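Notes to accompany the following structure.
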Amino acid sequence: MHELGISDLMLRAFVECLVLVGIHAYLGLHVIRRKVIFVDLALAQVAALGITIGFLFGMAPNSTAALLFSMLFTFVAAALFALTRTRGDRVPHEAIIGVVYAVSAAVIILVVDRAPHGAEHIKEVMTGAILWVSWQEIGLAAAVYAVVGLFHFIYRKPILAISDDPEAARASGMRMWVWDFWFYLSFGVVIAISVRTAGVLLVFVFLVVPAIIATLITARLKLQLLIGWSMGLLVTVLGLGISYFADMPAGPSVVSFYGLILGLVALVVYLWRAPSRRQAMLRAAYGLAVAVVLVGGIWSAGRGLAASPLAQSGHHQHAAHDHGNDPQVPAVAELTIEHQDCVFGDQTAGQQHHPADDHGLSKLETALQNADDDELRLSYALHIACHNPQRGARHLIDLLQKSEAPFIQAEALAALQKLAGRPFDFDPERSPQANRTGIQAIQDWWRKLPTK
Amino acid sequence: MKIFVTLLLSIFLLAANHAQASESKLQVVTSLSTYAAIAKEIGREYIEVDWIVNGNQDPHFVRPKPSLARKLARADLFVSTGLDLELWAPALIDLSGNGEIRSGQRRFVSASHDMNLLEVPKVKSRAEGGVHLYGNPHFVANPLYAHQIARNITAGLSRIDPAHAPQYADNLKIISEELDRRIFGDSLLRILGSKILRRLGQKPATLFKFLRQRNYQGQALIEHLGGWLKKGMKFRGKKAVAYHLNWTYFSHLFGLQVVNYVEPRPSIPPTPRHIQELIEQMNREKIQVILSANYYQTDRLQTIAHEVNARAVVVAMGVGGEAGTDSYFEFIDRLVTRVTAAFD
């Protein structure tokens with residue numbers, strides 16, 4: 001079979017990541033300016049809630065119906081965010097966003113609890129399945145993001161104005177909540193689409209981390225955008241590469257790698273900007289040492305705690321219990337023997353009362369010949385013997401000679417002895433040679449039977 | 001120096017040889033580790049087996065990882081349950097680009113082919129929880145069903161590698177005889193033969209009625225019973241509670257009465273009220289044992305078990321799911337031993 005190269009496996013995930021980076025790095029700059037870091041998590045969670053409720057209605061999570069349904073949810077959330085921003089500052093906007101996030105996350109759990117394999121669905125909503133993304137999904141995302149991007153480009157002035165300095169914008173008489181609504185709406189559309197494939201976590205880091213890095217380095221928007229895009233590209237390539245070579249789930253790999261890169265960039269920027277490079281280096285070294293000690297400490301604490309009796313789950317300590325003299329549940333109810341229509345016994349002549357016609361007998365004989373095993377053959381032979389001892393006995397003798405199961409031989413022997421009314425010198429446990437005289441005697445008896 | 005060069009050369013040659021040997025072997029990939037263990041018994045030196053779900057993992061769900069698709073891309077034969085257990089498989093096969101191992105294709109083996117499935121629903125609807133639409137697919141815990149799994153795998157191997165079909169048939173015979181010995185014991189197997197026992201074993205209640213009521217040389221047949229079924233007589237007819245409905249086939253063969261499940265409906269996590277009802281029922285009916293595969297949350301089980309003074313049996317429901325269960329025989333052995341111990 002053919003080998004799967006890295007490009008076969010990761011190309012789609014890679015292109016999807018690029019498409020995501022394009023729009024998210026830009027929107028992330030707005031998010032940072034507005035200081036509403038949680039807004040995308042909240043919108044993503046609301047979109048996921050829409051998908052989940054759609055799932056309960058019977059829409060497949062990756063269907064267009066589910067997408068439209070989840071957008072409906074994000075519209076509502078966008079309106080909510082737009083309206084709450086203008087309502088003074090006593091309650092921070094971020095608080096309302098956080099509440100929306102928490103509530104929709106909780107409702108998702110409540111909803112999927114009703115659905116099969118719900119826990120797995122939650123996990124998928126969080127981490128996505130970017131490895132599984134199809135070209136159609138990528139195409140759809142690219143098209144929608146392009147429209148959103150165009151919208152933001154055309155109206156960049158008012159949108160930037162309300163993101164950058166809302167007070168000045170308000171003072172100049174702009175209708176704040178209308179622009180806010182448009183912003184959150186376009187944002188919600190983007191999130192609703194990206195969450196489907198990338199998952200909440202990946203969307204969050206795509207949005208926030210390149211923007212943070214860019215903001216750390218420069219304050220100019222154009223430059224920030226360029227830095228954000230190139231950072232996103234770099235991290236995506238390396239993160240997916242790590243996922244491929246270390247064989248780890250793709251989405252979470254990229255997310256974790258973003259975290260690492262952010263830490264490194266922050267360190268470099270800190271060293272770069274420091275008035276005294278030497279002192280900064282020294283501090284960084286201290287910080288590194290503290291981090292190493294901290295990690296080591298946590299690691300050894302984990303080892304120590306795991307080995308201690310505290311690591312046992314509480315119930316184990318009480319697991320021993322007494323079940324000495326509990327009443328035993330009776331064994332399976334004895335079932336009655338299936339009634340055999342012929343009571344095989346001393347009055348073989350009695351069977352003549354319901355003689356079977358030849359047709360019936362040959363049907364039984366066909367069944368005997370087609371039977372899968374000797375136990376079935378034995379029951380057919382006994383049936384036949386009930387109606388016609390001579391024909392039945394022939395099959396019984398057949399079984400006696402040919403069956404490899406001693407039990408069947410013993411049963412056939414018992415039946416023959418009953419039919420003959422006398423014992424034969426045959427023992428299934430003996431060798432065929434030792435049984436030869438017995439077989440001879442049985443055959444002699446059989447030849448004398450009347451054929452009718 | 002000469003020796004060194006010779007050594008190096010021979011190592012290269014060995015490595016090349018090895019690579020070639022593994023290249024010429026059939027690459028068999030199975031969804032479950034249990035199928036892999038059975039496939040190994042049949043393909044032996046002609047195949048190399050890999051699997052996707054370990055014995056201690058939930059076969060209902062698999063995280064997408066690049067290596068899984070790569071595994072399937074290389075596969076000459078893919079063995080899967082063939083029902084709606086591995087719902088993740090089609091997406092994985094798509095990604096692998098290996099169309100020939102798709103369900104129904106030449107290089108696909110359905111382990112459940114020609115199998116007598118239990119719990120086939122009358123109404124097909126997922127509203128009842130993750131109910132399996134074609135019948136219960138968790139049959140690996142019934143060793144009698146391993147016969148059919150082995151036959152299906154043998155058919156698949158012989159189809160793609162006819163040259164070795166006689167060897168596969170021989171190996172099938174070996175594993176089947178071993179299964180019979182382990183299930184019924186030597187004595188009963190000698191007296192009745194495998195054909196009769198396998199047929200009667202499909203209806204275990206009938207089998208036991210037969211064994212109890214029929215005699216051989218003045219002794220009830222049940223006295224000749226050995227193997228796992230003999231061991232399992234300790235809990236035949238007894239009551240227990242199970243976590244998920246993956247105990248159906250095991251309890252069917254061993255006559256264990258699973259009277260309720262920790263999951264209120266299949267694959268739906270337990271709700272507080274259901275747990276409460278379950279505890280009440282266990283107290284009322286004096287049920288002492290809770291069974292669960294070791295991939296489910298065992299905390300809850302321990303809680304319930306503690307509440308009603310019962311024993312929780314948390315055991316691997318697949319080959320390799322815990323230490324010392326690396327063959328199919330060891331796996332069933334462990335299962336029977338653990339359940340028996342719980343009823344001690």
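By convention in this document, the chains of the structure tokens carry letters A, B, ... by their order, each chain's residues are numbered from 1, and ligands are numbered from 1 in the order they are shown.
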
What are the residues of chain B lining chain A at 8 Å or less? Count only C-alpha atoms, and put the answer as a ChimeraX atom specification.
/B:61,63-67,69-70,73-76,91,95-96,98,127,129-130,190-193,195-196,209,216-217,236-239,255,266-269,299,302-303,306,309,311

Residue neighbourhood Phe235 in chain B, 7 Å, only C-alpha atoms, exclusion window fewer than 2 positions, as a compact mmCIF listing (two decimals) with C-alpha atoms, in the first residue's frame:
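Final output, part37.txt:
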```
# COMPACT_ATOMS: atom_id res chain seq x y z
CA GLY B 232 -18.19 -19.33 35.66
CA MET B 233 -20.72 -21.61 37.35
CA GLY B 237 -27.78 -17.12 37.62
CA LYS B 238 -26.50 -14.46 39.99
CA LEU B 256 -25.02 -13.71 34.73
CA THR B 340 -15.58 -15.11 39.79
CA PHE B 343 -18.80 -13.45 43.78
```

From the set A:Leu140, A:Leu449, A:Val91, A:Leu419, which residue has the shortest atom-to-atom contact distance to Leu20 in chain A, counting only C-alpha atoms?
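Between A:Leu140, A:Leu449, A:Val91, A:Leu419, the residue approaching Leu20 in chain A most closely is A:Leu140.
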